[in-house]
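**Student:** There's a structure below that I have some questions on.
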2 protein chains.
Amino acid sequence: MELTTAEENYLKAIYHLSEEGKKSVSTNDIASAIQTKPASVSDMLRKLGEKEVIQYRKYYGLQITPLGMRLALQTIRKHRLWEVFLVDKLHFAWDEVHEVAEQLEHIQSSLLIERLDAYLNYPKFDPHGDPIPDEFGDVRSRPRIALQEMGIDQSGQIVAVKDSSPAFLRYLDKVGAYIGARIKVLDKVEFDGSVEILVDQKKTIFMSKDVANNILILTS
Amino acid sequence: MELTTAEENYLKAIYHLSEEGKKSVSTNDIASAIQTKPASVSDMLRKLGEKEVIQYRKYYGLQITPLGMRLALQTIRKHRLWEVFLVDKLHFAWDEVHEVAEQLEHIQSSLLIERLDAYLNYPKFDPHGDPIPDEFGDVRSRPRIALQEMGIDQSGQIVAVKDSSPAFLRYLDKVGAYIGARIKVLDKVEFDGSVEILVDQKKTIFMSKDVANNILILTS
DNA sequence: ATTATTTTTTAGAATTATCTAATTTAATTT
DNA sequence: AAATTAAATTAGATAATTCTAAAAAATAAT
């Protein structure tokens with residue numbers, strides 16, 4: 001079964017939105033995620049339904065099928081492997097990779113992906129800390145919580161970010177909050193929800209609620 | 001100026017056909033090079049003419065403009081750099097790279113190509129011996145002749161192949177006639193145009209006229 | 001329970017790239 | 001030079017993706 005680039009992008013967006021806890025993914029959600037109009041989404045949902053990668057009932061919503069899930073994970077696997085390549089080998093900054101990986105993920109060649117995976121030494125996580133599915137779509141993700149949800153004196157390691165926008169990633173670079181950094185919550189301000197944290201045992205910074213909500217921690 | 005993938009492919013084909021010595025590139029030539037119908041070519045030529053990458057006069061033929069030349073060479077540069085990547089880093093065989101490079105060449109990111117070039121250590125030739133244009137489109141090609149045109153006792157080095165079909169490349173692999181191999185012409189059979197050559201000072205093989213015509217030699 | 005609002009879908013049109021069939025132009029032959 | 005053949009182009013269709021505007025369905029508000 002072959003999907004077009006557009007179909008792959010829709011399916012990926014649907015998969016991500018489904019994962020985000022939302023029980024039902026709406027046409028509008030997809031439209032805004034993919035930067036298009038709801039009318040275009042309706043059309044595409046019909047097509048994806050015909051190809052049986054989603055189960056679609058007009059006006060009622062949709063559900064990814066096992067087939068759709070497998071295909072979405074394949075695309076995500078490719079995207080994340082390319083991100084590792086761009087950062088590890090071509091020395092891209094982690095906020096520069098998304099756009100290019102968005103194109104590279106649509107290259108069709110299973111041999112290419114196998115070889116790339118081996119060349120990168122079978123990485124398990126991409127530069128943003130997101131897990132890379134294996135060739136069967138299996139994901140081994142670490143249990144993790146938002147920095148915002150940690151208690152005072154609790155410590156852990158930054159393992160991923162929810163928001164991957166360049167602006168956010170550059171901010172994290174500036175304060176030294178890269179993936180792998182060890183942090184400890186020193187204080188939480190009830191008034192505005194901001195947190196005071198110690199980064200890598202040397203730097204104390206304040207972080208707003210919005211930022212802390214987008215950083216995922218593996219507690220220890 | 002932005003070209004679509006299809007436009008890039010047409011322009012590349014036109015460039016290659018122009019280089020092959022043909023003074024005028026015909027609609028049919030392009031159609032068969034690109035595996036499509038002459039009608040589609042006519043349509044596309046009109047469009048490429050409007051975008052001023054070729055100068056096009058209906059029924060009379062076309063000529064690449066300097067702009068078109070620059071864009072074609074950019075695409076060729078990308079294609080050949082990716083081929084080097086696939087062979088050198090991902091250990092593809094030289095007959096497996098074309099299809100994948102055909103897709104990769106359309107990825108849009110000048111940063112990516114700069115970085116890839118540096119990562120590969122600024123290669124000057126692709127795995128088939130074809131020169132890689134620099135970022136300005138300049139090509140430094142070596143003077144070379146077809147093996148078929150060499151005289152008896154003349155020797156040299158295989159630097160490129162004209163035909164890049166997997167079947168041909170696999171045959172060359174089998175007889176040890178890879179790029180860089182040193183060869184010497186021992187005899188030429190007038191009857192069928194075949195040649196007897198010594199490969200790397202150890203192996204004597206017979207080669208048909210058709211094969212010898214598709215191997216390019218840097219004489220010494 | 002009607003009405004109003006929001007969400008979703010359809011209808012119709014535009015764009016890109018392709019095709020087949022028909023026509024037009026150029027080249028070749030006698 | 002006229003007729004034939006070959007090459008190139010146009011006309012008209014199809015498929016994929018997108019859009020705007022209009023219609024339909026579901027949800028929320030009174």
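By convention here, the chains of the structure tokens are called A, B, ... in the order presented, each chain's residues are numbered starting at 1, and ligands are numbered starting at 1 in the order presented.
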List every residue of range 15-65 of chain B that has an atom at most 10 Å from any atom of range 15-30 of chain C, and for each one report the closest atom pair and its distance in Å to one decimal, counting only C-alpha atoms (C1' of nucleotides), with rows sorted by chain and then by increasing residue number, as a tab-separated table.

**Tutor:**
```
residue	atom	partner	partner_atom	distance
B:Thr36	CA	C:DT18	C1'	8.6
B:Lys37	CA	C:DC19	C1'	8.0
B:Ala39	CA	C:DC19	C1'	8.5
B:Ser40	CA	C:DT18	C1'	6.8
B:Asp43	CA	C:DA17	C1'	9.5
B:Met44	CA	C:DA17	C1'	9.0
B:Lys58	CA	C:DT25	C1'	9.5
B:Tyr59	CA	C:DT25	C1'	7.0
B:Tyr60	CA	C:DA26	C1'	8.9
```

**Student:** Write a file of the selected residues as a PDB file, in the first residue's frame, keeping C-alpha atoms.

**Tutor:**
```
ATOM      1  CA  THR B  36       6.730  10.087 -20.766  1.00  0.00           C
ATOM      2  CA  LYS B  37       4.758  11.085 -23.861  1.00  0.00           C
ATOM      3  CA  ALA B  39       2.513  15.615 -25.623  1.00  0.00           C
ATOM      4  CA  SER B  40       3.508  16.019 -21.992  1.00  0.00           C
ATOM      5  CA  ASP B  43       3.321  21.197 -22.365  1.00  0.00           C
ATOM      6  CA  MET B  44       6.306  21.291 -20.093  1.00  0.00           C
ATOM      7  CA  LYS B  58       7.499  25.961 -31.092  1.00  0.00           C
ATOM      8  CA  TYR B  59       8.408  23.382 -33.732  1.00  0.00           C
ATOM      9  CA  TYR B  60      11.950  24.723 -33.901  1.00  0.00           C
TER      10      TYR B  60
END
```

**Student:** Sorted by chain and rising residue number, list the residues of chain A at most 10 Å from chain B (counting only C-alpha atoms), each with its closest atom pair and distance in Å to one decimal, as a tab-separated table.

**Tutor:**
```
residue	atom	partner	partner_atom	distance
A:Leu86	CA	B:Leu112	CA	8.3
A:Lys89	CA	B:Tyr119	CA	7.5
A:Leu90	CA	B:Arg115	CA	5.7
A:His91	CA	B:Arg115	CA	7.9
A:Phe92	CA	B:Arg115	CA	8.5
A:Glu96	CA	B:Leu111	CA	9.8
A:Val97	CA	B:Leu112	CA	9.6
A:Glu99	CA	B:Ser109	CA	9.0
A:Val100	CA	B:Ser109	CA	6.9
A:Ala101	CA	B:Ile107	CA	9.6
A:Glu102	CA	B:Ile107	CA	9.8
A:Gln103	CA	B:Ile107	CA	6.4
A:Leu104	CA	B:Ile107	CA	7.0
A:His106	CA	B:Gln103	CA	9.2
A:Ile107	CA	B:Gln103	CA	6.4
A:Gln108	CA	B:Val100	CA	7.6
A:Ser109	CA	B:Val100	CA	6.9
A:Leu111	CA	B:Phe92	CA	9.0
A:Leu112	CA	B:Val100	CA	7.9
A:Ile113	CA	B:Leu90	CA	9.8
A:Glu114	CA	B:Leu90	CA	9.4
A:Arg115	CA	B:Leu90	CA	5.7
A:Leu116	CA	B:Leu90	CA	6.6
A:Asp117	CA	B:Leu90	CA	9.6
A:Ala118	CA	B:Leu90	CA	8.5
A:Tyr119	CA	B:Leu90	CA	6.5
A:Leu120	CA	B:Leu90	CA	9.9
```

**Student:** Grab the CA of Ile179 in chain B to CA of Val159 in chain B distance for me, in Å with one decimal place.

**Tutor:**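 Computed distance, CA of Ile179 in chain B to CA of Val159 in chain B, equals 5.3 Å.
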
**Student:** Write out as a ChimeraX atom specification the set of residues from range 11-194 of chain B that DSSP, computed on the backbone, places in strand (DSSP E or B).

**Tutor:** /B:54-57,61-64,125,131,145-146,155-161,182-188

**Student:** Please, could you write that set of residues out with C-alpha atoms as a tab-separated table (two decimals), in the first residue's frame?

**Tutor:**
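What landed in selection_31.tsv:
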```tsv
chain	number	residue	atom	x	y	z
B	54	ILE	CA	14.96	27.52	-21.66
B	55	GLN	CA	14.43	29.53	-24.80
B	56	TYR	CA	11.69	27.80	-26.69
B	57	ARG	CA	10.30	28.31	-30.19
B	61	GLY	CA	13.62	23.52	-30.77
B	62	LEU	CA	15.05	24.89	-27.59
B	63	GLN	CA	18.17	26.13	-25.90
B	64	ILE	CA	19.01	26.17	-22.22
B	125	PHE	CA	33.52	12.82	-8.69
B	131	PRO	CA	32.23	15.21	-12.00
B	145	ILE	CA	37.98	8.91	-24.28
B	146	ALA	CA	35.90	5.77	-24.73
B	155	SER	CA	46.89	2.15	-21.19
B	156	GLY	CA	44.94	4.26	-18.76
B	157	GLN	CA	42.50	4.34	-15.91
B	158	ILE	CA	38.74	3.84	-15.89
B	159	VAL	CA	37.29	7.16	-14.72
B	160	ALA	CA	33.62	6.96	-15.64
B	161	VAL	CA	30.87	5.03	-17.34
B	182	ARG	CA	44.08	0.53	-14.47
B	183	ILE	CA	43.70	-1.11	-17.86
B	184	LYS	CA	45.79	-1.76	-20.95
B	185	VAL	CA	44.51	-2.62	-24.41
B	186	LEU	CA	46.19	-5.85	-25.57
B	187	ASP	CA	44.37	-6.36	-28.83
B	188	LYS	CA	41.47	-5.15	-30.91
```

**Student:** Determine the nearest neighbour of Pro143 in chain B from the options B:Asp130, B:Arg77, B:Ala212, B:Met1, counting only C-alpha atoms.

**Tutor:** B:Asp130

**Student:** For range 6-13 of chain C, please output as a list in words all residues within 8 Å (counting only C-alpha atoms (C1' of nucleotides); exclusion window: fewer than 2 positions along the same chain).

**Tutor:** Thr27, Asn28, Pro38, Ala39, Ser42, Lys58 and Tyr59 of chain A; DA22, DA23, DA24, DA25, DA26 and DT27 of chain D

**Student:** Among chain A, which ones does DSSP place in alpha helix (DSSP H), written as a PyMOL selection string?

**Tutor:** chain A and resi 5-19+27-34+38-50+66-84+97-104+110-119+166-175+209-212

**Student:** Counting only C-alpha atoms (C1' of nucleotides), which residue out of D:DT4, D:DT30, D:DT10, D:DT18 sits closest to chain B?

**Tutor:**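 Result for the nearest residue to chain B: D:DT10.
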